[in-house]
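A.B. asks: This structure is in structure tokens; I'll ask about it shortly.
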Amino acid sequence: MNTLSIVGLQFGDEGKGKITDSLSHQFDYVVRYQGGHNAGHTVYANGQKYVLHVLPTGIVHPHTINILGTGMVISLDALQKEIHPIKVSQIRISDRAHLLFPFHQQLDIQSEQSTSQKIGTTQKGIGPAYQTKTSRIGIRAGSLKDLARLKIELLQLTNTLGVTFDVDSYLHEKKEFIASIVPFIIDTSYEVFQAYEQKKRILFEGAQGVMLDLDHGTYPYVTSSHPTPSSIPVDIGLPPSFIQDALGIVKAYTTRVGEGPFPTEIFGDAADIIRKTGNEYGSTTGRPRRIGHLDVVMLKHALRVTGVNQLAITLLDVLSVVDTIKICTAYELNGQRTMLVPSHAQDLANVKPIYETMPGWKVPIQDCKSFADLPKEAQAYLHRIQEHLGVPIRFISNGPKREQLIERGHHD
Ligand code: GDP
Ligand code: IMO
Ligand code: MG
């Protein structure tokens with residue numbers, strides 16, 4: 001197959017950007033299919049640090065074409081900031097992707113301030129932008145091609161939403177930038193379809209993670225899109241048969257930003273040392289990430305809803321600082337054991353995780369180049385994860401840099 005989907009199997013920030021970057025040399029196209037600039041993908045390559053929010057991470061490689069697909073919500077401000085140092089000719093934007101405007105962000109901020117059920121969103125306007133899309137009053141990127149029509153659409157939208165927004169000054173401010181991207185706003189379904197027919201290699205880069213999926217995540221503490229490979233056919237406009245191989249990205253422990261249930265969460269010094277070692281602070285909002293043990297129940301749920309057929313385990317090096325490693329292998333809810341993730345957030349918050357414990361390795365592993373180089377305790381941890389999940393671990397990431405990636409051999 002010439003396509004590969006990269007998907008986060010936890011709560012986002014699993015290291016999707018790093019893996020996308022490390023694999024991008026093998027691909028001609030890198031395609032983002034959902035979300036917006038709520039994503040933050042950090043990569044260290046060419047001696048530089050890149051933090052991508054709205055652009056696909058493949059952009060770091062000059063040979064790639066990078067698609068912003070129909071399922072995305074795109075902020076012109078975010079795009080403008082990120083495109084600045086990058087060649088715009090490497091980018092294609094779906095004419096059907098929805099635009100995210102500053103008033104969407106204001107609505108997001110207001111809703112986080114006023115609701116009793118705070119989600120802890122990134123406050124970028126993602127939820128409100130998807131709301132205008134599904135309410136069928138949204139404005140799509142294709143509208144940027146005709147500013148007179150865009151003005152009318154913006155006046156209608158702001159009027160319907162009842163928000164104050166100076167349409168004229170916004171359009172005046174953005175005029176030049178819009179003109180610079182218009183040549184790259186195209187029918188991306190057609191482009192990707194043609195690329196596939198021509199046997200080009202296509203990488204689909206997910207944002208967020210399955211536990212933040214609108215339907216299959218920890219609702220309502222989720223994002224407003226579907227970070228699963230099964231959404232790619234709809235989000236890009238492709239036959240489902242194009243999407244087969246999917247690489248699930250799993251952090252060697254668990255993190256979460258924002259509110260919501262987190263059964264294996266840990267606190268105090270135990271969490272602090274992992275947070276500090278793994279630099280676990282949100283790349284979009286700078287918030288400290290919540291830390292927890294690996295959760296096999298959630299991972300099995302994520303594997304089922306995604307059909308992932310290979311895994312990358314990331315940030316394994318961070319666990320060098322702990323004495324022992326715990327894996328949650330089942331939940332107990334109201335005295336009953338279960339391997340299923342309860343659908344209600346309150347029930348998930350009440351489960352008791354059942355753990356097994358393994359010894360840590362307590363030596364640095366960032367310089368290891370092969371599976372055989374890893375300490376035997378680290379190898380045992382990986383074998384145990386694979387045993388629990390029943391899906392082969394293909395890659396092990398043992399540091400933030402592009403080259404700190406071990407591809408497992410058949411006999412490892
Ligand atoms: P994404 O949203 O899934 O792309 O992940 P983020 O980039 O938000 O968060 C992952 C963080 O871990 C980033 O700061 C990466 O630079 C870093 N990272 C990725 N892989 C590794 C790894 O194997 N080891 C370490 N120590 N850091 C990593
Ligand atoms: P990447 O692509 C981690 C979380 C927010 C919040 C919830 C809803 O870097 O993995 P939203 O702004 O989307 O309405 O917020 O989802 N969230 C993420 N957490 N990584 C992300 O992206 C996230 N994008 C959204 O913290 O809990
Ligand atoms: Mg991130």
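Simple scheme: letters A, B, ... for chains in structure tokens order, numbers from 1 for residues in each chain, numbers from 1 for ligands in the order shown.
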Range 127-355 of chain A: which residues are helix (DSSP H, G or I) by DSSP, as a count of residues only?

C.D. replies: 104

A.B. asks: For ligand 3, return the neighbouring residues as a count of residues only (distance at most 10 Å; only C-alpha atoms and all ligand atoms).

C.D. replies: 27

A.B. asks: Per residue of range 235-282 of chain A within 12 Å of range 353-366 of chain A, note the shortest atom pair and the distance in Å to one decimal, counting only C-alpha atoms, and order the rows by chain and increasing residue number, as a Markdown table.

C.D. replies:
```
| residue | atom | partner | partner_atom | distance |
| --- | --- | --- | --- | --- |
| A:Phe262 | CA | A:Pro353 | CA | 10.2 |
| A:Pro263 | CA | A:Pro353 | CA | 6.4 |
| A:Thr264 | CA | A:Pro353 | CA | 6.6 |
| A:Glu265 | CA | A:Pro353 | CA | 9.9 |
| A:Ile266 | CA | A:Pro353 | CA | 11.8 |
| A:Thr277 | CA | A:Pro364 | CA | 11.5 |
```

A.B. asks: Could you check the closest approach to ligand 2 for each of A:Asp213, A:Asp168, A:Asp77, A:Asp21 and tell me which residue wins, using only C-alpha atoms and all ligand atoms?

C.D. replies: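 Comparing A:Asp213, A:Asp168, A:Asp77, A:Asp21 against ligand 2, the winner is A:Asp213.
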
A.B. asks: Between A:Leu389, A:Ile232, A:Leu348, A:Ala45, which is the closest to ligand 1 once you count only C-alpha atoms and all ligand atoms?

C.D. replies: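 So, comparing all the options, the nearest one is A:Ala45.
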
A.B. asks: Tell me which protein, DNA and RNA residues are within 12 Å of Phe101 in chain A, counting only C-alpha atoms, leaving out same-chain ones fewer than 5 positions away, and put them as an MDAnalysis selection string.

C.D. replies: chainID A and resid 36:37 73:79 106:108 124:130 132 138:141 154 157:158 163 165:167 170:171 174

A.B. asks: Write the residues you've just listed into a file as a short mmCIF file (atom, residue, chain, number, x, y, z; two decimals), in the first residue's frame, and include N, CA, C and O atoms for each of them.

C.D. replies:
```cif
data_model
loop_
_atom_site.label_atom_id
_atom_site.label_comp_id
_atom_site.auth_asym_id
_atom_site.auth_seq_id
_atom_site.Cartn_x
_atom_site.Cartn_y
_atom_site.Cartn_z
N GLY A 36 -7.72 21.58 13.83
CA GLY A 36 -7.22 22.88 13.38
C GLY A 36 -5.97 23.21 14.14
O GLY A 36 -5.16 22.31 14.40
N HIS A 37 -5.88 24.48 14.61
CA HIS A 37 -4.65 24.85 15.31
C HIS A 37 -4.73 24.58 16.81
O HIS A 37 -3.94 25.10 17.59
N VAL A 73 -10.66 22.72 10.21
CA VAL A 73 -11.14 24.10 10.37
C VAL A 73 -9.89 24.97 10.43
O VAL A 73 -9.01 24.75 11.26
N ILE A 74 -9.82 25.94 9.51
CA ILE A 74 -8.55 26.64 9.30
C ILE A 74 -8.65 28.11 9.68
O ILE A 74 -9.49 28.85 9.16
N SER A 75 -7.77 28.51 10.58
CA SER A 75 -7.68 29.92 10.97
C SER A 75 -6.66 30.60 10.07
O SER A 75 -5.50 30.15 9.98
N LEU A 76 -7.06 31.69 9.43
CA LEU A 76 -6.12 32.41 8.56
C LEU A 76 -4.98 33.00 9.39
O LEU A 76 -3.84 33.05 8.94
N ASP A 77 -5.30 33.44 10.61
CA ASP A 77 -4.24 34.00 11.47
C ASP A 77 -3.18 32.95 11.76
O ASP A 77 -1.98 33.20 11.65
N ALA A 78 -3.65 31.75 12.16
CA ALA A 78 -2.70 30.67 12.49
C ALA A 78 -1.90 30.28 11.26
O ALA A 78 -0.68 30.08 11.32
N LEU A 79 -2.59 30.21 10.13
CA LEU A 79 -1.93 29.82 8.88
C LEU A 79 -0.86 30.84 8.49
O LEU A 79 0.26 30.49 8.11
N GLN A 106 -13.44 33.87 20.19
CA GLN A 106 -14.11 34.58 21.30
C GLN A 106 -15.23 33.74 21.89
O GLN A 106 -15.41 33.66 23.11
N LEU A 107 -16.00 33.08 21.01
CA LEU A 107 -17.12 32.24 21.49
C LEU A 107 -16.60 31.08 22.34
O LEU A 107 -17.19 30.71 23.36
N ASP A 108 -15.47 30.51 21.92
CA ASP A 108 -14.86 29.39 22.66
C ASP A 108 -14.43 29.87 24.06
O ASP A 108 -14.73 29.23 25.08
N LYS A 124 -9.05 27.92 21.05
CA LYS A 124 -8.69 28.41 19.72
C LYS A 124 -9.91 28.61 18.83
O LYS A 124 -9.79 29.04 17.69
N GLY A 125 -11.08 28.20 19.32
CA GLY A 125 -12.30 28.38 18.52
C GLY A 125 -12.70 27.15 17.73
O GLY A 125 -13.56 27.22 16.85
N ILE A 126 -12.11 26.02 18.08
CA ILE A 126 -12.35 24.79 17.28
C ILE A 126 -13.82 24.36 17.36
O ILE A 126 -14.47 24.13 16.32
N GLY A 127 -14.36 24.24 18.59
CA GLY A 127 -15.75 23.80 18.75
C GLY A 127 -16.71 24.71 18.01
O GLY A 127 -17.51 24.24 17.18
N PRO A 128 -16.67 26.04 18.26
CA PRO A 128 -17.58 26.94 17.54
C PRO A 128 -17.42 26.87 16.01
O PRO A 128 -18.40 26.99 15.28
N ALA A 129 -16.21 26.66 15.51
CA ALA A 129 -16.03 26.58 14.04
C ALA A 129 -16.72 25.33 13.50
O ALA A 129 -17.39 25.38 12.46
N TYR A 130 -16.59 24.20 14.21
CA TYR A 130 -17.31 23.00 13.76
C TYR A 130 -18.82 23.18 13.95
O TYR A 130 -19.60 22.61 13.19
N THR A 132 -20.52 25.99 13.49
CA THR A 132 -21.07 26.74 12.34
C THR A 132 -21.09 25.84 11.10
O THR A 132 -21.98 25.94 10.27
N GLY A 138 -21.52 27.91 7.88
CA GLY A 138 -20.07 28.18 7.86
C GLY A 138 -19.59 28.74 6.52
O GLY A 138 -20.33 28.75 5.53
N ILE A 139 -18.34 29.19 6.53
CA ILE A 139 -17.73 29.74 5.30
C ILE A 139 -16.52 28.88 4.97
O ILE A 139 -15.70 28.56 5.85
N ARG A 140 -16.40 28.49 3.70
CA ARG A 140 -15.34 27.55 3.33
C ARG A 140 -14.19 28.27 2.64
O ARG A 140 -14.33 29.39 2.13
N ALA A 141 -13.04 27.60 2.61
CA ALA A 141 -11.83 28.24 2.08
C ALA A 141 -12.02 28.71 0.64
O ALA A 141 -11.45 29.72 0.23
N LEU A 154 -19.58 36.80 5.30
CA LEU A 154 -19.14 37.13 6.66
C LEU A 154 -20.16 37.99 7.39
O LEU A 154 -20.40 37.80 8.59
N LEU A 157 -22.95 35.66 8.41
CA LEU A 157 -22.57 34.74 9.50
C LEU A 157 -22.49 35.47 10.84
O LEU A 157 -23.02 35.00 11.85
N THR A 158 -21.84 36.64 10.84
CA THR A 158 -21.69 37.36 12.11
C THR A 158 -23.06 37.83 12.62
O THR A 158 -23.32 37.84 13.81
N VAL A 163 -22.50 38.20 16.76
CA VAL A 163 -21.20 38.66 17.28
C VAL A 163 -20.81 39.98 16.62
O VAL A 163 -21.21 40.27 15.48
N PHE A 165 -18.14 42.12 14.85
CA PHE A 165 -16.91 41.82 14.11
C PHE A 165 -16.78 42.81 12.97
O PHE A 165 -17.73 43.00 12.19
N ASP A 166 -15.63 43.46 12.90
CA ASP A 166 -15.43 44.45 11.86
C ASP A 166 -14.94 43.76 10.57
O ASP A 166 -13.75 43.54 10.36
N VAL A 167 -15.92 43.40 9.73
CA VAL A 167 -15.63 42.61 8.54
C VAL A 167 -14.68 43.37 7.60
O VAL A 167 -13.71 42.82 7.08
N TYR A 170 -11.09 43.46 8.86
CA TYR A 170 -10.51 42.10 8.80
C TYR A 170 -10.09 41.79 7.35
O TYR A 170 -8.96 41.35 7.11
N LEU A 171 -10.98 42.08 6.42
CA LEU A 171 -10.68 41.76 5.02
C LEU A 171 -9.53 42.63 4.50
O LEU A 171 -8.68 42.17 3.73
N LYS A 174 -6.29 41.23 5.85
CA LYS A 174 -5.93 39.89 5.35
C LYS A 174 -5.79 39.83 3.81
O LYS A 174 -5.42 38.79 3.27
#
```

A.B. asks: My list of candidates is A:Ile243, A:Ala270, A:Leu99, A:Val391. Which is closest to Lys300 in chain A when distances are computed with only C-alpha atoms?

C.D. replies: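 Selected residue with least distance to Lys300 in chain A: A:Val391.
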